[in-house]
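my_file_31.cif follows; it contains mmCIF, C-alpha atoms, pLDDT in the B column; chains and numbers go by the auth columns.
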data_entry
loop_
_atom_site.group_PDB
_atom_site.id
_atom_site.type_symbol
_atom_site.label_atom_id
_atom_site.label_comp_id
_atom_site.label_asym_id
_atom_site.label_seq_id
_atom_site.Cartn_x
_atom_site.Cartn_y
_atom_site.Cartn_z
_atom_site.B_iso_or_equiv
_atom_site.auth_seq_id
_atom_site.auth_asym_id
ATOM 1 C CA MET A 1 -36.896 -4.467 6.022 36.00 1 A
ATOM 2 C CA ALA A 2 -33.444 -5.985 5.436 40.00 2 A
ATOM 3 C CA ASN A 3 -30.505 -3.737 4.682 39.00 3 A
ATOM 4 C CA THR A 4 -29.410 -4.692 1.160 40.00 4 A
ATOM 5 C CA GLU A 5 -26.929 -1.847 0.775 44.00 5 A
ATOM 6 C CA ALA A 6 -23.455 -3.125 -0.155 48.00 6 A
ATOM 7 C CA LYS A 7 -20.750 -2.592 2.431 57.00 7 A
ATOM 8 C CA ALA A 8 -18.139 -0.072 1.260 81.00 8 A
ATOM 9 C CA PHE A 9 -14.641 -1.297 0.434 94.00 9 A
ATOM 10 C CA ASP A 10 -12.516 0.288 3.156 96.00 10 A
ATOM 11 C CA ILE A 11 -8.992 0.231 4.596 97.00 11 A
ATOM 12 C CA SER A 12 -8.010 1.539 8.017 96.00 12 A
ATOM 13 C CA SER A 13 -5.132 1.535 10.470 96.00 13 A
ATOM 14 C CA ALA A 14 -4.409 2.597 14.018 95.00 14 A
ATOM 15 C CA ALA A 15 -0.983 3.823 12.873 94.00 15 A
ATOM 16 C CA VAL A 16 -1.918 5.486 9.573 96.00 16 A
ATOM 17 C CA GLN A 17 -4.837 7.884 9.487 95.00 17 A
ATOM 18 C CA ASN A 18 -5.905 10.173 6.675 95.00 18 A
ATOM 19 C CA ASN A 19 -3.824 13.334 6.546 95.00 19 A
ATOM 20 C CA VAL A 20 -2.310 12.736 10.002 95.00 20 A
ATOM 21 C CA PHE A 21 1.445 12.501 10.603 95.00 21 A
ATOM 22 C CA MET A 22 2.723 8.938 10.970 94.00 22 A
ATOM 23 C CA ALA A 23 4.671 7.860 14.066 90.00 23 A
ATOM 24 C CA ALA A 24 8.456 7.880 13.914 89.00 24 A
ATOM 25 C CA GLU A 25 8.575 4.098 14.387 90.00 25 A
ATOM 26 C CA GLN A 26 7.120 3.658 10.883 92.00 26 A
ATOM 27 C CA ALA A 27 9.957 5.719 9.369 93.00 27 A
ATOM 28 C CA ASP A 28 13.034 4.189 7.791 91.00 28 A
ATOM 29 C CA GLY A 29 16.087 3.768 10.007 88.00 29 A
ATOM 30 C CA LYS A 30 17.919 6.448 7.992 89.00 30 A
ATOM 31 C CA CYS A 31 15.303 8.880 9.306 89.00 31 A
ATOM 32 C CA GLY A 32 15.578 7.749 12.901 86.00 32 A
ATOM 33 C CA GLY A 33 12.678 5.315 12.728 90.00 33 A
ATOM 34 C CA GLU A 34 12.396 1.591 13.314 94.00 34 A
ATOM 35 C CA ASN A 35 11.001 0.749 9.849 94.00 35 A
ATOM 36 C CA VAL A 36 8.000 -0.993 11.409 94.00 36 A
ATOM 37 C CA SER A 37 5.169 -1.609 8.973 95.00 37 A
ATOM 38 C CA PRO A 38 1.833 -0.352 10.293 96.00 38 A
ATOM 39 C CA ASP A 39 -1.212 -2.442 11.089 97.00 39 A
ATOM 40 C CA LEU A 40 -3.820 -2.452 8.330 98.00 40 A
ATOM 41 C CA LYS A 41 -7.310 -3.869 8.175 97.00 41 A
ATOM 42 C CA TRP A 42 -9.907 -3.858 5.456 98.00 42 A
ATOM 43 C CA SER A 43 -13.490 -4.805 4.839 96.00 43 A
ATOM 44 C CA GLY A 44 -16.153 -4.756 2.158 96.00 44 A
ATOM 45 C CA ILE A 45 -14.090 -6.560 -0.468 96.00 45 A
ATOM 46 C CA PRO A 46 -16.166 -6.824 -3.659 96.00 46 A
ATOM 47 C CA ALA A 47 -17.666 -10.317 -4.026 95.00 47 A
ATOM 48 C CA GLU A 48 -16.176 -10.738 -7.501 96.00 48 A
ATOM 49 C CA ALA A 49 -12.606 -10.035 -6.332 97.00 49 A
ATOM 50 C CA LYS A 50 -10.148 -12.918 -6.692 98.00 50 A
ATOM 51 C CA SER A 51 -7.139 -11.372 -4.920 98.00 51 A
ATOM 52 C CA LEU A 52 -5.868 -8.148 -3.397 98.00 52 A
ATOM 53 C CA ALA A 53 -2.783 -6.000 -3.913 98.00 53 A
ATOM 54 C CA LEU A 54 -1.299 -3.401 -1.582 98.00 54 A
ATOM 55 C CA ILE A 55 0.835 -0.553 -2.889 98.00 55 A
ATOM 56 C CA VAL A 56 2.349 2.119 -0.674 97.00 56 A
ATOM 57 C CA HIS A 57 3.427 5.097 -2.739 97.00 57 A
ATOM 58 C CA ASP A 58 4.876 8.542 -2.025 97.00 58 A
ATOM 59 C CA PRO A 59 3.906 10.765 -4.957 97.00 59 A
ATOM 60 C CA ASP A 60 5.880 13.686 -3.466 96.00 60 A
ATOM 61 C CA ALA A 61 9.273 11.977 -3.742 93.00 61 A
ATOM 62 C CA PRO A 62 11.688 13.734 -6.101 93.00 62 A
ATOM 63 C CA HIS A 63 11.627 10.901 -8.666 92.00 63 A
ATOM 64 C CA LYS A 64 9.805 10.676 -11.995 94.00 64 A
ATOM 65 C CA HIS A 65 7.032 8.430 -10.642 95.00 65 A
ATOM 66 C CA GLY A 66 7.396 9.151 -6.933 95.00 66 A
ATOM 67 C CA TRP A 67 8.713 6.419 -4.614 96.00 67 A
ATOM 68 C CA TYR A 68 7.226 3.019 -3.834 96.00 68 A
ATOM 69 C CA HIS A 69 7.544 1.871 -0.228 96.00 69 A
ATOM 70 C CA TRP A 70 5.725 -1.467 -0.222 97.00 70 A
ATOM 71 C CA ILE A 71 4.231 -3.642 -2.955 97.00 71 A
ATOM 72 C CA VAL A 72 2.408 -6.873 -2.140 98.00 72 A
ATOM 73 C CA VAL A 73 0.350 -8.848 -4.668 98.00 73 A
ATOM 74 C CA ASP A 74 -1.640 -12.091 -4.637 98.00 74 A
ATOM 75 C CA ILE A 75 -3.124 -11.431 -1.205 98.00 75 A
ATOM 76 C CA PRO A 76 -6.042 -13.868 -0.766 98.00 76 A
ATOM 77 C CA VAL A 77 -9.456 -12.234 -0.439 97.00 77 A
ATOM 78 C CA THR A 78 -9.910 -14.147 2.820 97.00 78 A
ATOM 79 C CA VAL A 79 -7.160 -12.035 4.426 97.00 79 A
ATOM 80 C CA THR A 80 -8.687 -9.051 6.228 97.00 80 A
ATOM 81 C CA GLY A 81 -5.568 -7.271 7.430 97.00 81 A
ATOM 82 C CA ILE A 82 -2.054 -7.456 8.778 97.00 82 A
ATOM 83 C CA GLU A 83 -0.633 -6.760 12.228 97.00 83 A
ATOM 84 C CA LYS A 84 1.986 -4.096 12.921 96.00 84 A
ATOM 85 C CA GLY A 85 5.438 -5.316 11.892 95.00 85 A
ATOM 86 C CA ALA A 86 4.127 -8.543 10.339 96.00 86 A
ATOM 87 C CA LYS A 87 4.801 -9.951 6.881 94.00 87 A
ATOM 88 C CA PHE A 88 2.162 -11.293 4.532 96.00 88 A
ATOM 89 C CA ALA A 89 1.988 -15.086 4.376 95.00 89 A
ATOM 90 C CA LYS A 90 2.115 -17.029 1.114 96.00 90 A
ATOM 91 C CA PRO A 91 0.588 -17.078 -1.421 97.00 91 A
ATOM 92 C CA ALA A 92 0.925 -13.295 -1.079 97.00 92 A
ATOM 93 C CA ARG A 93 4.141 -12.015 -2.656 96.00 93 A
ATOM 94 C CA ALA A 94 5.998 -8.982 -1.342 95.00 94 A
ATOM 95 C CA LEU A 95 7.626 -7.604 -4.477 92.00 95 A
ATOM 96 C CA ASP A 96 9.070 -4.787 -2.434 82.00 96 A
ATOM 97 C CA GLY A 97 9.277 -5.208 1.335 89.00 97 A
ATOM 98 C CA TYR A 98 8.160 -2.416 3.644 95.00 98 A
ATOM 99 C CA ASN A 99 10.421 0.628 3.499 93.00 99 A
ATOM 100 C CA GLY A 100 9.209 3.340 5.827 94.00 100 A
ATOM 101 C CA PRO A 101 8.975 7.058 5.146 95.00 101 A
ATOM 102 C CA CYS A 102 12.244 8.926 4.739 93.00 102 A
ATOM 103 C CA PRO A 103 11.833 11.984 2.522 93.00 103 A
ATOM 104 C CA PRO A 104 14.804 14.221 1.827 91.00 104 A
ATOM 105 C CA ALA A 105 15.537 16.632 4.688 89.00 105 A
ATOM 106 C CA GLY A 106 13.780 19.940 4.192 89.00 106 A
ATOM 107 C CA HIS A 107 11.667 18.601 1.309 93.00 107 A
ATOM 108 C CA GLY A 108 8.407 19.307 3.119 93.00 108 A
ATOM 109 C CA VAL A 109 5.452 17.103 3.930 95.00 109 A
ATOM 110 C CA HIS A 110 5.133 13.871 1.948 96.00 110 A
ATOM 111 C CA HIS A 111 1.941 11.861 1.454 97.00 111 A
ATOM 112 C CA TYR A 112 2.110 8.076 1.880 97.00 112 A
ATOM 113 C CA ASN A 113 -0.802 6.432 0.068 98.00 113 A
ATOM 114 C CA PHE A 114 -1.584 2.937 1.365 97.00 114 A
ATOM 115 C CA THR A 115 -3.791 1.747 -1.505 97.00 115 A
ATOM 116 C CA LEU A 116 -5.502 -1.628 -1.479 98.00 116 A
ATOM 117 C CA TYR A 117 -6.785 -2.962 -4.795 97.00 117 A
ATOM 118 C CA ALA A 118 -9.429 -5.666 -5.274 97.00 118 A
ATOM 119 C CA LEU A 119 -8.382 -7.556 -8.396 97.00 119 A
ATOM 120 C CA ASN A 120 -10.129 -9.707 -10.992 97.00 120 A
ATOM 121 C CA VAL A 121 -7.245 -12.238 -11.060 98.00 121 A
ATOM 122 C CA GLU A 122 -6.072 -14.688 -8.426 97.00 122 A
ATOM 123 C CA ARG A 123 -2.397 -14.293 -9.316 97.00 123 A
ATOM 124 C CA MET A 124 -0.595 -11.387 -10.965 97.00 124 A
ATOM 125 C CA GLU A 125 1.687 -12.554 -13.769 95.00 125 A
ATOM 126 C CA LEU A 126 4.539 -10.047 -13.529 96.00 126 A
ATOM 127 C CA LYS A 127 7.903 -10.098 -15.264 94.00 127 A
ATOM 128 C CA PRO A 128 10.820 -9.681 -12.841 91.00 128 A
ATOM 129 C CA SER A 129 12.112 -6.769 -14.936 94.00 129 A
ATOM 130 C CA LEU A 130 9.084 -4.555 -14.245 96.00 130 A
ATOM 131 C CA THR A 131 9.652 -1.316 -12.369 96.00 131 A
ATOM 132 C CA PRO A 132 7.394 -0.490 -9.406 96.00 132 A
ATOM 133 C CA TYR A 133 5.567 2.028 -11.609 97.00 133 A
ATOM 134 C CA GLU A 134 4.921 -0.678 -14.216 97.00 134 A
ATOM 135 C CA ILE A 135 3.720 -3.063 -11.509 97.00 135 A
ATOM 136 C CA GLU A 136 1.279 -0.408 -10.303 97.00 136 A
ATOM 137 C CA LYS A 137 -0.026 0.040 -13.861 97.00 137 A
ATOM 138 C CA ALA A 138 -0.495 -3.742 -14.197 97.00 138 A
ATOM 139 C CA VAL A 139 -2.331 -3.886 -10.859 97.00 139 A
ATOM 140 C CA LYS A 140 -4.604 -0.994 -11.860 97.00 140 A
ATOM 141 C CA ALA A 141 -5.419 -2.795 -15.137 97.00 141 A
ATOM 142 C CA HIS A 142 -6.916 -5.660 -13.062 97.00 142 A
ATOM 143 C CA ALA A 143 -8.552 -3.511 -10.370 96.00 143 A
ATOM 144 C CA LEU A 144 -12.253 -3.898 -9.680 96.00 144 A
ATOM 145 C CA ALA A 145 -12.111 -1.411 -6.802 96.00 145 A
ATOM 146 C CA GLN A 146 -9.588 0.402 -4.655 96.00 146 A
ATOM 147 C CA THR A 147 -9.453 2.073 -1.276 97.00 147 A
ATOM 148 C CA LYS A 148 -6.705 4.021 0.449 96.00 148 A
ATOM 149 C CA VAL A 149 -5.555 5.686 3.602 97.00 149 A
ATOM 150 C CA THR A 150 -2.942 8.457 3.383 97.00 150 A
ATOM 151 C CA GLY A 151 -0.445 9.154 6.114 96.00 151 A
ATOM 152 C CA LEU A 152 1.898 12.131 6.275 96.00 152 A
ATOM 153 C CA TYR A 153 5.581 12.344 7.154 95.00 153 A
ATOM 154 C CA GLU A 154 8.131 15.160 7.120 93.00 154 A
ATOM 155 C CA ARG A 155 11.840 15.016 7.716 88.00 155 A
ATOM 156 C CA LYS A 156 13.083 18.252 9.235 78.00 156 A
#
For this file, write the structure as structure tokens.
Amino acid sequence: MANTEAKAFDISSAAVQNNVFMAAEQADGKCGGENVSPDLKWSGIPAEAKSLALIVHDPDAPHKHGWYHWIVVDIPVTVTGIEKGAKFAKPARALDGYNGPCPPAGHGVHHYNFTLYALNVERMELKPSLTPYEIEKAVKAHALAQTKVTGLYERK
């Protein structure tokens, strides 16, 4: 009997693992890191998806909507990941380049959500004036599915 079960939409990384502290090299230079974006790979993209978006968000940051560390939209569904330190190739658009973890000193453990969205549009039409929070809302409005991996970081 053939396995007809759909493959789960999943994101993974050697550098970012769920609820595990991220390496210092991923941290921003202000926190002693090298600001190196982690490797990411994904699988099980829904067949109806037309593009992908990646949003890295720290909900623990002392700002109204947290802090956004990386926003990339218009990632082709044929792309299955990115290597450590690499940039996404066009037509993907990095609206906010990778900015590694750097929470305020003594602020405790922060959670860095690397969320990948499968979208029902090939290209996100976004006004340049949108805030990262507004971009995230627009992405979520087009999301067919999402998956995430959450890394931790603390600045002592």
Dig up all the protein and nucleic acid residues within 9 Å of (1.0, -5.7, 11.3) in the file frame, using all atoms listed in the file, and format them as a PDB file with C-alpha atoms, keeping the file's coordinate frame.
ATOM      1  CA  VAL A  36       8.000  -0.993  11.409  1.00 94.00           C
ATOM      2  CA  SER A  37       5.169  -1.609   8.973  1.00 95.00           C
ATOM      3  CA  PRO A  38       1.833  -0.352  10.293  1.00 96.00           C
ATOM      4  CA  ASP A  39      -1.212  -2.442  11.089  1.00 97.00           C
ATOM      5  CA  LEU A  40      -3.820  -2.452   8.330  1.00 98.00           C
ATOM      6  CA  GLY A  81      -5.568  -7.271   7.430  1.00 97.00           C
ATOM      7  CA  ILE A  82      -2.054  -7.456   8.778  1.00 97.00           C
ATOM      8  CA  GLU A  83      -0.633  -6.760  12.228  1.00 97.00           C
ATOM      9  CA  LYS A  84       1.986  -4.096  12.921  1.00 96.00           C
ATOM     10  CA  GLY A  85       5.438  -5.316  11.892  1.00 95.00           C
ATOM     11  CA  ALA A  86       4.127  -8.543  10.339  1.00 96.00           C
ATOM     12  CA  LYS A  87       4.801  -9.951   6.881  1.00 94.00           C
ATOM     13  CA  PHE A  88       2.162 -11.293   4.532  1.00 96.00           C
TER      14      PHE A  88
END
Point to revise | Residues near A:Ala105, cut-off 12 Å, only C-alpha atoms, skip fewer than 5 positions along chain, as a ChimeraX atom specification | key: /A:30-31,61-62,110,153-156
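Of the listed residues (A:Gly100, A:Asn19, A:Gln26, A:Glu136), A:Glu136 comes nearest to A:Val72; the distances count all atoms listed in the file.
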Run the PyMOL selection byres ((chain A and resi 123) around 12) on the file and write out the hits as a CSV table (one decimal) with C-alpha atoms, keeping the file's coordinate frame.
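The result, written out as result_2.csv:
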chain,number,residue,atom,x,y,z
A,49,ALA,CA,-12.6,-10.0,-6.3
A,50,LYS,CA,-10.1,-12.9,-6.7
A,51,SER,CA,-7.1,-11.4,-4.9
A,52,LEU,CA,-5.9,-8.1,-3.4
A,53,ALA,CA,-2.8,-6.0,-3.9
A,72,VAL,CA,2.4,-6.9,-2.1
A,73,VAL,CA,0.4,-8.8,-4.7
A,74,ASP,CA,-1.6,-12.1,-4.6
A,75,ILE,CA,-3.1,-11.4,-1.2
A,76,PRO,CA,-6.0,-13.9,-0.8
A,77,VAL,CA,-9.5,-12.2,-0.4
A,90,LYS,CA,2.1,-17.0,1.1
A,91,PRO,CA,0.6,-17.1,-1.4
A,92,ALA,CA,0.9,-13.3,-1.1
A,93,ARG,CA,4.1,-12.0,-2.7
A,118,ALA,CA,-9.4,-5.7,-5.3
A,119,LEU,CA,-8.4,-7.6,-8.4
A,120,ASN,CA,-10.1,-9.7,-11.0
A,121,VAL,CA,-7.2,-12.2,-11.1
A,122,GLU,CA,-6.1,-14.7,-8.4
A,124,MET,CA,-0.6,-11.4,-11.0
A,125,GLU,CA,1.7,-12.6,-13.8
A,126,LEU,CA,4.5,-10.0,-13.5
A,138,ALA,CA,-0.5,-3.7,-14.2
A,139,VAL,CA,-2.3,-3.9,-10.9
A,142,HIS,CA,-6.9,-5.7,-13.1
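As for atom CA of A:Ser13 and atom CA of A:Phe114, they are spaced 9.9 Å apart.
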**Study point:** Nearest candidate to A:Met22 (options A:Ile135, A:Cys102, A:Ile71, A:Ala145; using only C-alpha atoms)
**Key:** A:Cys102
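Minimum distance to A:Tyr98 across A:His63, A:Gln17, A:Glu25, A:His69 (counting only C-alpha atoms) occurs at A:His69.
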Because some atoms of stretch 90-107 of chain A are absent here, can you restore N, CA, C and O atoms and send them as a compact mmCIF listing (two decimals), in the frame of the given file?
# COMPACT_ATOMS: atom_id res chain seq x y z
N LYS A 90 2.36 -16.52 2.46
CA LYS A 90 2.12 -17.03 1.11
C LYS A 90 0.66 -17.46 1.03
O LYS A 90 0.11 -17.89 2.03
N PRO A 91 0.03 -17.32 -0.09
CA PRO A 91 0.59 -17.08 -1.42
C PRO A 91 0.86 -15.62 -1.75
O PRO A 91 1.29 -15.30 -2.85
N ALA A 92 0.62 -14.70 -0.82
CA ALA A 92 0.92 -13.30 -1.08
C ALA A 92 2.42 -13.16 -1.37
O ALA A 92 3.24 -13.88 -0.80
N ARG A 93 2.74 -12.25 -2.28
CA ARG A 93 4.14 -12.02 -2.66
C ARG A 93 4.49 -10.55 -2.41
O ARG A 93 3.88 -9.66 -3.00
N ALA A 94 5.49 -10.34 -1.56
CA ALA A 94 6.00 -8.98 -1.34
C ALA A 94 7.05 -8.72 -2.41
O ALA A 94 8.15 -9.26 -2.35
N LEU A 95 6.69 -7.92 -3.40
CA LEU A 95 7.63 -7.60 -4.48
C LEU A 95 8.61 -6.54 -4.02
O LEU A 95 9.69 -6.40 -4.58
N ASP A 96 8.22 -5.80 -3.05
CA ASP A 96 9.07 -4.79 -2.43
C ASP A 96 8.67 -4.76 -0.97
O ASP A 96 7.54 -4.44 -0.65
N GLY A 97 9.59 -5.18 -0.08
CA GLY A 97 9.28 -5.21 1.34
C GLY A 97 9.05 -3.81 1.88
O GLY A 97 9.39 -2.82 1.23
N TYR A 98 8.48 -3.72 3.06
CA TYR A 98 8.16 -2.42 3.64
C TYR A 98 9.41 -1.58 3.84
O TYR A 98 10.39 -2.02 4.44
N ASN A 99 9.38 -0.38 3.30
CA ASN A 99 10.42 0.63 3.50
C ASN A 99 9.71 1.88 3.98
O ASN A 99 8.95 2.49 3.23
N GLY A 100 9.93 2.23 5.23
CA GLY A 100 9.21 3.34 5.83
C GLY A 100 9.54 4.70 5.25
O GLY A 100 10.48 4.85 4.47
N PRO A 101 8.76 5.70 5.62
CA PRO A 101 8.98 7.06 5.15
C PRO A 101 10.38 7.57 5.48
O PRO A 101 10.89 7.32 6.56
N CYS A 102 10.95 8.29 4.52
CA CYS A 102 12.24 8.93 4.74
C CYS A 102 12.48 9.94 3.62
O CYS A 102 13.37 9.78 2.79
N PRO A 103 11.65 10.99 3.58
CA PRO A 103 11.83 11.98 2.52
C PRO A 103 13.12 12.77 2.73
O PRO A 103 13.67 12.79 3.82
N PRO A 104 13.60 13.40 1.67
CA PRO A 104 14.80 14.22 1.83
C PRO A 104 14.59 15.31 2.89
O PRO A 104 13.49 15.87 2.99
N ALA A 105 15.62 15.59 3.66
CA ALA A 105 15.54 16.63 4.69
C ALA A 105 15.15 17.96 4.05
O ALA A 105 15.66 18.32 2.99
N GLY A 106 14.21 18.64 4.67
CA GLY A 106 13.78 19.94 4.19
C GLY A 106 12.91 19.91 2.95
O GLY A 106 12.62 20.95 2.37
N HIS A 107 12.47 18.74 2.54
CA HIS A 107 11.67 18.60 1.31
C HIS A 107 10.18 18.82 1.55
O HIS A 107 9.37 18.78 0.63
